[in-house]
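S.K.: I am sharing run_25.cif, which consists of mmCIF, C-alpha atoms:
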data_structure
#
loop_
_atom_site.label_atom_id
_atom_site.label_comp_id
_atom_site.auth_asym_id
_atom_site.auth_seq_id
_atom_site.Cartn_x
_atom_site.Cartn_y
_atom_site.Cartn_z
CA PRO A 408 0.00 0.00 0.00
CA LYS A 409 2.90 2.37 0.59
CA TYR A 410 4.39 2.14 -2.91
CA CYS A 411 1.85 0.62 -5.34
CA ARG A 412 -0.53 3.01 -7.04
CA GLY A 413 -1.75 4.11 -10.47
CA ARG A 414 -0.49 1.91 -13.28
CA LEU A 415 1.62 -1.08 -12.23
CA LEU A 416 3.97 -3.21 -14.32
CA ASP A 417 4.39 -6.81 -13.14
CA LEU A 418 7.61 -7.91 -14.88
CA GLY A 419 8.35 -11.63 -15.16
CA CYS A 420 4.88 -12.10 -13.71
CA GLY A 421 4.71 -15.92 -13.93
CA ALA A 422 1.50 -17.04 -12.26
CA VAL A 423 1.00 -13.49 -10.85
CA PRO A 424 1.42 -14.45 -7.17
CA PHE A 425 1.27 -10.83 -5.96
CA TYR A 426 -1.88 -9.80 -7.81
CA GLY A 427 -4.07 -10.39 -4.77
CA VAL A 428 -1.79 -8.15 -2.73
CA TYR A 429 -1.53 -5.14 -5.04
CA ARG A 430 -4.81 -5.14 -7.00
CA GLU A 431 -6.77 -2.93 -4.58
CA TYR A 432 -4.07 -0.24 -4.62
CA VAL A 433 -3.63 0.22 -8.37
CA ASP A 434 -5.84 1.47 -11.17
CA ASP A 435 -4.39 -0.84 -13.81
CA ASN A 436 -1.77 -3.55 -14.09
CA ILE A 437 0.16 -4.91 -17.05
CA CYS A 438 1.65 -8.41 -16.73
CA VAL A 439 4.76 -9.20 -18.75
CA ASP A 440 6.61 -12.49 -19.21
CA TRP A 441 8.40 -14.34 -21.97
CA GLU A 442 6.83 -17.05 -24.08
CA ASN A 443 9.24 -19.72 -22.79
CA SER A 444 8.26 -19.26 -19.15
CA GLN A 445 7.99 -22.42 -17.08
CA HIS A 446 4.86 -20.90 -15.59
CA ASP A 447 1.38 -20.81 -17.06
CA ASN A 448 1.18 -17.73 -19.31
CA GLN A 449 -2.58 -17.24 -18.99
CA PHE A 450 -2.14 -13.89 -17.20
CA VAL A 451 0.35 -12.34 -19.62
CA ASP A 452 -0.72 -9.09 -21.27
CA VAL A 453 2.58 -8.52 -23.09
CA ALA A 454 4.80 -11.44 -24.10
CA CYS A 455 8.39 -10.32 -24.54
CA ASP A 456 11.96 -11.23 -23.74
CA LEU A 457 13.18 -9.24 -20.72
CA THR A 458 16.73 -9.41 -22.07
CA LYS A 459 15.69 -7.02 -24.86
CA PRO A 460 14.19 -3.51 -24.86
CA LEU A 461 10.69 -3.57 -23.42
CA PRO A 462 7.93 -2.81 -25.95
CA LEU A 463 6.49 -0.22 -23.56
CA GLU A 464 6.32 3.57 -23.65
CA ASP A 465 8.67 5.82 -21.70
CA VAL A 466 7.52 7.06 -18.26
CA SER A 467 4.29 5.06 -18.43
CA PHE A 468 4.17 3.26 -15.04
CA ASP A 469 3.80 4.38 -11.44
CA ALA A 470 5.13 1.13 -9.98
CA ILE A 471 7.07 -1.92 -11.12
CA ILE A 472 7.29 -5.32 -9.43
CA LEU A 473 10.22 -7.58 -10.29
CA SER A 474 10.32 -10.56 -7.94
CA SER A 475 12.70 -13.51 -8.28
CA VAL A 476 13.41 -12.57 -11.89
CA LEU A 477 16.66 -10.59 -11.97
CA GLU A 478 18.80 -13.68 -11.39
CA HIS A 479 17.45 -15.09 -14.68
CA ILE A 480 18.55 -12.10 -16.78
CA PRO A 481 21.97 -12.55 -18.44
CA ASN A 482 22.49 -8.78 -18.93
CA PRO A 483 20.88 -7.23 -15.83
CA ALA A 484 22.14 -3.67 -16.40
CA GLU A 485 20.01 -3.46 -19.55
CA LEU A 486 16.86 -4.46 -17.68
CA TRP A 487 17.60 -1.91 -14.93
CA HIS A 488 17.90 0.76 -17.63
CA GLU A 489 14.60 -0.31 -19.19
CA MET A 490 12.80 -0.29 -15.84
CA SER A 491 14.08 3.22 -15.18
CA ARG A 492 12.99 4.30 -18.67
CA VAL A 493 9.36 3.15 -18.30
CA LEU A 494 8.97 4.31 -14.68
CA LYS A 495 7.38 7.71 -14.09
CA PRO A 496 9.20 10.29 -11.96
CA GLY A 497 8.27 9.56 -8.35
CA GLY A 498 7.37 5.98 -9.27
CA HIS A 499 8.68 2.98 -7.35
CA LEU A 500 10.43 -0.25 -8.23
CA LEU A 501 9.73 -3.14 -5.83
CA LEU A 502 12.33 -5.84 -6.34
CA GLY A 503 13.09 -9.15 -4.65
CA VAL A 504 16.07 -11.40 -5.37
CA PRO A 505 17.33 -14.65 -3.83
CA PHE A 506 20.86 -14.90 -2.49
CA MET A 507 21.61 -18.15 -0.63
CA TYR A 508 19.30 -20.19 -2.76
CA TRP A 509 19.39 -23.31 -4.92
CA LEU A 510 19.74 -23.35 -8.69
CA HIS A 511 16.30 -23.03 -10.26
CA GLU A 512 14.80 -22.68 -13.74
CA VAL A 513 18.03 -24.16 -15.07
CA PRO A 514 19.74 -23.30 -17.42
CA HIS A 515 18.41 -19.74 -17.02
CA ASP A 516 19.80 -19.09 -13.54
CA TYR A 517 22.75 -16.72 -13.93
CA TYR A 518 23.45 -14.62 -10.83
CA ARG A 519 23.09 -13.97 -7.11
CA TYR A 520 23.23 -10.35 -5.95
CA THR A 521 24.56 -8.79 -2.76
CA GLU A 522 23.09 -5.60 -1.37
CA PHE A 523 26.13 -3.78 -2.75
CA ALA A 524 25.42 -4.93 -6.30
CA LEU A 525 21.78 -3.87 -5.95
CA ARG A 526 22.84 -0.43 -4.72
CA ARG A 527 25.19 -0.07 -7.68
CA PHE A 528 22.54 -1.10 -10.22
CA ALA A 529 20.03 1.33 -8.74
CA GLU A 530 22.52 4.20 -8.70
CA ASN A 531 23.61 3.53 -12.29
CA SER A 532 19.94 3.56 -13.34
CA GLN A 533 19.16 6.91 -11.66
CA LEU A 534 17.01 5.24 -9.02
CA GLU A 535 17.17 6.24 -5.36
CA ILE A 536 16.96 3.43 -2.82
CA VAL A 537 14.14 3.93 -0.35
CA GLU A 538 14.37 0.54 1.39
CA LEU A 539 16.85 -2.33 1.13
CA GLU A 540 16.48 -5.26 3.51
CA ALA A 541 18.12 -8.64 3.84
CA VAL A 542 15.56 -11.38 4.48
CA GLY A 543 15.99 -14.75 6.15
CA GLY A 544 18.98 -15.43 8.37
CA ALA A 545 21.03 -18.52 9.18
CA PRO A 546 18.13 -20.75 10.40
CA PHE A 547 16.13 -19.98 7.25
CA VAL A 548 19.12 -20.70 5.00
CA VAL A 549 19.85 -24.05 6.69
CA ALA A 550 16.18 -25.08 6.62
CA ASP A 551 15.71 -24.02 3.00
CA VAL A 552 18.83 -25.79 1.73
CA GLY A 553 18.02 -28.91 3.77
CA ALA A 554 14.41 -29.03 2.62
CA LYS A 555 15.27 -28.57 -1.04
CA ALA A 556 18.00 -31.23 -0.86
CA LEU A 557 15.67 -33.73 0.84
CA ALA A 558 12.85 -33.05 -1.62
CA SER A 559 14.73 -35.07 -4.24
CA VAL A 560 14.84 -38.22 -2.07
CA PRO A 561 12.36 -40.84 -3.39
CA TRP A 562 9.18 -41.54 -1.41
CA ILE A 563 9.86 -39.52 1.75
CA GLY A 564 11.57 -36.46 0.29
CA ASN A 565 8.59 -34.16 -0.08
CA LEU A 566 7.24 -35.09 3.35
CA ALA A 567 10.63 -34.51 4.99
CA ALA A 568 11.01 -31.17 3.17
CA SER A 569 7.57 -30.03 4.33
CA MET A 570 8.37 -31.04 7.92
CA ILE A 571 11.63 -29.07 7.90
CA GLN A 572 10.00 -25.98 6.43
CA GLY A 573 7.05 -26.20 8.81
CA THR A 574 9.32 -26.65 11.82
CA CYS A 575 11.41 -23.67 10.76
CA ALA A 576 8.33 -21.50 10.25
CA PHE A 577 7.11 -22.40 13.74
CA ALA A 578 10.54 -22.12 15.43
CA THR A 579 11.24 -18.68 14.03
CA ARG A 580 8.25 -17.34 15.96
CA VAL A 581 10.03 -18.20 19.21
CA PRO A 582 11.74 -15.00 20.44
CA PRO A 583 15.29 -16.39 20.91
CA ILE A 584 15.29 -18.02 17.46
CA LEU A 585 13.71 -14.96 15.87
CA SER A 586 16.43 -12.85 17.48
CA PHE A 587 19.07 -15.24 16.10
CA CYS A 588 17.57 -14.85 12.61
CA GLU A 589 17.69 -11.08 12.93
CA ARG A 590 21.31 -11.12 14.13
CA THR A 591 22.44 -13.37 11.26
CA ARG A 592 20.31 -11.91 8.48
CA ALA A 593 22.92 -9.45 7.21
CA ARG A 594 25.62 -12.11 6.79
CA PHE A 595 23.38 -15.06 5.84
CA PRO A 596 20.49 -13.68 3.78
CA ASN A 597 18.10 -15.88 1.84
CA GLY A 598 17.63 -12.84 -0.35
CA TYR A 599 16.94 -9.14 -0.50
CA PHE A 600 13.94 -6.88 -0.85
CA LEU A 601 14.47 -3.45 -2.38
CA VAL A 602 12.31 -0.42 -3.04
CA ALA A 603 13.78 2.29 -5.26
CA ARG A 604 12.25 5.57 -6.44
CA LYS A 605 12.78 7.39 -9.69
CA ALA A 606 13.69 11.02 -9.00
#
Mind turning the file's structure into structure tokens?
M.R.:
Amino acid sequence: PKYCRGRLLDLGCGAVPFYGVYREYVDDNICVDWENSQHDNQFVDVACDLTKPLPLEDVSFDAIILSSVLEHIPNPAELWHEMSRVLKPGGHLLLGVPFMYWLHEVPHDYYRYTEFALRRFAENSQLEIVELEAVGGAPFVVADVGAKALASVPWIGNLAASMIQGTCAFATRVPPILSFCERTRARFPNGYFLVARKA
């Protein structure tokens, strides 16, 4: 609610998991993904390759969401430039990226970004960082890696993975463990969440 308004661009939208969250705050949304997506493309308004210039007008969006997409872009600086180009002055980019995370959507998994890389990309794209947070922490990283590794074990893998993730979700509500997550988040992030504003 703080950053989404007006016309929103959902880049690399996939199955549009955030639509239910942002729909009441925006007037219009445009969903973009490429034709080779591993997700169902039924929600796509514009099919295009995010590694090429976006077929969208300059300064035409008030907000952009790019979640778990940037790591799949072989030339990320070009996409940052394009996002800045289509974003209106005062508009916001909401971006999430994994960091300590397994390989996914192979072979199109190219990078992991630190907060320092994200700051540099934003600065080089004339975007001012409003928020930049590490998410997760050591317990989340261990649980996530363990669960994903066990998921490939025949018969019991998925059950074991669900148990680990469920236990972690419960345990991290306990104050000492939550505090441990917070203390280790900066050095052991699962990923990052960034909000940047176009001046």
S.K.: Identify the residues around (14.2, -11.5, -4.7) within a radius of 8 Å, measuring from all atoms listed in the file in the coordinates stated by the file, and give them as a list of chain:residue names.
M.R.: A:Leu473, A:Ser474, A:Ser475, A:Val476, A:Leu477, A:Leu502, A:Gly503, A:Val504, A:Pro505, A:Phe506, A:Gly598, A:Tyr599, A:Phe600
S.K.: For Phe547 in chain A, which residue out of A:Cys420, A:Ala578, A:Val433, A:Leu566 is the nearest one, using all atoms listed in the file?
M.R.: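 That would be A:Ala578, the residue with the smallest distance to Phe547 in chain A.
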S.K.: I'd like the contact shell of Val548 in chain A - 8 Å cut-off, all atoms listed in the file, skipping same-chain residues fewer than 6 positions apart - returned as a ChimeraX atom specification.
M.R.: /A:507-508,595-597
S.K.: To one decimal in Å, tell me the separation between CA of Trp441 in chain A and CA of Asp456 in chain A.
M.R.: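 Interatomic distance, CA of Trp441 in chain A to CA of Asp456 in chain A: 5.0 Å.
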S.K.: Run the PyMOL selection byres ((chain A and resi 422-426) around 9) against the file shown and list the residues it catches, as a list in words.
M.R.: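 Expected selection for the PyMOL selection byres ((chain A and resi 422-426) around 9) here is Asp417, Gly419, Cys420, Gly421, Gly427, Val428, Tyr429, Arg430, Asn436, Cys438, His446, Asp447, Asn448, Gln449, Phe450, Val451 and Ile472 of chain A.
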S.K.: Run through the PyMOL selection byres ((chain A and resi 461) around 10) on the given coordinates and return the selected residues as a list of chain:residue names.
M.R.: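 Applied to this file, the PyMOL selection byres ((chain A and resi 461) around 10) selects A:Val439, A:Val453, A:Ala454, A:Cys455, A:Asp456, A:Leu457, A:Thr458, A:Lys459, A:Pro460, A:Pro462, A:Leu463, A:Glu464, A:Asp465, A:Leu486, A:Glu489, A:Met490, A:Arg492, A:Val493.
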S.K.: With only C-alpha atoms as the counted atoms, please give the residues lying no more than 8 Å from Tyr432 in chain A, apart from itself and same-chain residues fewer than 3 positions off, as a ChimeraX atom specification.
M.R.: /A:408,411-413,429
S.K.: So the first atom is CA of Leu510 in chain A and the second is CA of Asn482 in chain A; what is the distance between them in Å, to one decimal place?
M.R.: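 Going from CA of Leu510 in chain A over to CA of Asn482 in chain A, I get 18.0 Å.
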S.K.: I'd like to see the residues matched by the PyMOL selection byres ((chain A and resi 498) around 6) on this file, and ideally I'd get them as a list in words.
M.R.: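 That expression, the PyMOL selection byres ((chain A and resi 498) around 6), corresponds here to Asp469, Ala470, Leu494, Lys495, Pro496, Gly497, His499, Arg604 and Lys605 of chain A.
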S.K.: How close does each residue of range 443-485 of chain A get to range 518-537 of chain A, giving the shortest atom pair and distance in Å to one decimal for every residue with an atom at most 10 Å away, counting all atoms listed in the file, sorted by chain and residue number, as JSON lines?
M.R.:
{"residue": "A:Leu477", "atom": "CA", "partner": "A:Tyr518", "partner_atom": "CA", "distance": 8.0}
{"residue": "A:Glu478", "atom": "CA", "partner": "A:Tyr518", "partner_atom": "CA", "distance": 4.8}
{"residue": "A:His479", "atom": "CA", "partner": "A:Tyr518", "partner_atom": "CA", "distance": 7.1}
{"residue": "A:Ile480", "atom": "CA", "partner": "A:Tyr518", "partner_atom": "CA", "distance": 8.1}
{"residue": "A:Pro481", "atom": "CA", "partner": "A:Tyr518", "partner_atom": "CA", "distance": 8.0}
{"residue": "A:Pro483", "atom": "CA", "partner": "A:Phe528", "partner_atom": "CA", "distance": 8.5}
{"residue": "A:Ala484", "atom": "CA", "partner": "A:Phe528", "partner_atom": "CA", "distance": 6.7}
{"residue": "A:Glu485", "atom": "CA", "partner": "A:Ser532", "partner_atom": "CA", "distance": 9.4}
S.K.: Neighbourhood query: residues within 12 Å of (8.2, -28.7, -0.1), file coordinates, counting all atoms listed in the file; return as a ChimeraX atom specification.
M.R.: /A:550-560,563-573
S.K.: As an exercise, work out the distance from CA of Ile584 in chain A to CA of Pro546 in chain A in Å and give it to one decimal place.
M.R.: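 CA of Pro546 in chain A lies at a distance of 8.1 Å from CA of Ile584 in chain A.
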S.K.: Have a look at A:Pro514, A:Thr591, A:Asn443, A:Pro561 and name the one nearest to Val549 in chain A; count all atoms listed in the file.
M.R.: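 Comparing A:Pro514, A:Thr591, A:Asn443, A:Pro561 against Val549 in chain A, the winner is A:Thr591.
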S.K.: From the list A:Leu585, A:Glu431, A:Ile471, A:Glu442, which residue is nearest Leu418 in chain A when using all atoms listed in the file?
M.R.: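 Closest to Leu418 in chain A, using all atoms listed in the file: A:Ile471.
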